[in-house]
Amino acid sequence: MERVVAAAPAGATVLGFAGAPWTLATYMVGGGKSRDFMVVKGWAYRDPESFARLIETVQEAVAAHLIAQLDAGAEAVQIFDSWAGALPESEFQRWSVEPVAKIVAAVKAVHPAAPVIGYPRGAGVAYERFAKTTGVDAVSIDSTVAPPGQRRNCNSDARYRATSIPRLWSWAALRCAVPRSVILDALGHGPFVFNLGEGVVPQTPPEHVAALSELVRGWPDGNGQ
């Protein structure tokens, strides 16, 4: 991380990141990607107490890793719960929300001013609960919720009260089926960061990236990010 910070262009923000305990557990227990997550879910349902010990161990390691990245110069960190959407409603609170909340508390105890971003990918209507109860300063959002709903759910007064933060950064994942103007119109009227949620595929012409960057930075009055 020190080398990344040293090599970053002037004015660039360096973000640290780590996987959330549930997502890391899916790989640790399942041995890789899974279509149905039956192996890790089987353990969680069959013996929730021992599975909770695994989650707690991973949770402590993730918190230490994020703190180390901030110590090394990262300006903010993001917690990716990439497989949060695989959890049923009854388990989302226990295996996604609660571990992330404990990680945020541990990070804030050492770096109280460092922004912490949470990304419960695929959480759908549960985004609001995640945003309000984990203590994150910002929430990354994806295309499982329509942009107007994202603004309503994630940028509410209740969200501000829950975190005592006077602003919210929202990250929107761009999909081909979601026109960029829809995202900007719905979310770009408050604190907001436009982000390519799944990166840029190799086939993308560089001039398309330049055009998108120009559009976002110029919207609506030249103050875009």
# chains A, B, ... in the order shown; residues from 1 in each chain; ligands from 1
$ residues_around --residues "Lys108 (chain A)" --least-positions-apart "2" --cutoff "12 Å" --atoms "only C-alpha atoms" --output "list of chain:residue names"
A:Ala63, A:Ala64, A:Leu66, A:Ile67, A:Leu70, A:Ala76, A:Val77, A:Ala101, A:Lys102, A:Ile103, A:Val104, A:Ala105, A:Ala106, A:Val110, A:His111, A:Pro112, A:Ala113, A:Ala114, A:Pro115, A:Val116, A:Thr134, A:Gly135, A:Val136, A:Asp137, A:Thr163
$ residues_around --residues "region 53-57 of chain A" --least-positions-apart "6" --cutoff "9 Å" --atoms "only C-alpha atoms" --output "PyMOL selection string"
chain A and resi 21-22+24-25+95+99
$ residues_around --residues "Phe80 (chain A)" --least-positions-apart "3" --cutoff "10 Å" --atoms "only C-alpha atoms" --output "ChimeraX atom specification"
/A:17-24,77,83-84,100,117-121,140
$ write_last_selection --atoms "C-alpha atoms" --output "mmCIF file, in the first residue's frame"
data_model
loop_
_atom_site.group_PDB
_atom_site.id
_atom_site.type_symbol
_atom_site.label_atom_id
_atom_site.label_comp_id
_atom_site.auth_asym_id
_atom_site.auth_seq_id
_atom_site.Cartn_x
_atom_site.Cartn_y
_atom_site.Cartn_z
ATOM 1 C CA PHE A 17 -10.433 -2.809 0.338
ATOM 2 C CA ALA A 18 -11.179 -6.244 1.709
ATOM 3 C CA GLY A 19 -13.803 -8.923 1.329
ATOM 4 C CA ALA A 20 -16.543 -9.224 3.925
ATOM 5 C CA PRO A 21 -16.570 -12.283 6.215
ATOM 6 C CA TRP A 22 -19.527 -13.977 4.515
ATOM 7 C CA THR A 23 -18.046 -13.604 1.038
ATOM 8 C CA LEU A 24 -14.611 -14.793 2.154
ATOM 9 C CA VAL A 77 -11.601 1.612 2.638
ATOM 10 C CA TRP A 83 -22.162 -12.690 -2.323
ATOM 11 C CA ALA A 84 -24.489 -10.963 0.144
ATOM 12 C CA VAL A 100 -19.652 -5.733 8.731
ATOM 13 C CA ILE A 117 -17.733 2.095 2.229
ATOM 14 C CA GLY A 118 -19.887 -1.030 2.249
ATOM 15 C CA TYR A 119 -20.932 -3.027 -0.804
ATOM 16 C CA PRO A 120 -23.572 -5.726 -0.170
ATOM 17 C CA ARG A 121 -23.812 -6.798 -3.803
ATOM 18 C CA SER A 140 -21.986 1.008 -3.023
#
$ closest_residue --among "A:Pro48, A:Ser34, A:Val62, A:Gly73" --to "Ala7 (chain A)" --atoms "only C-alpha atoms"
A:Gly73
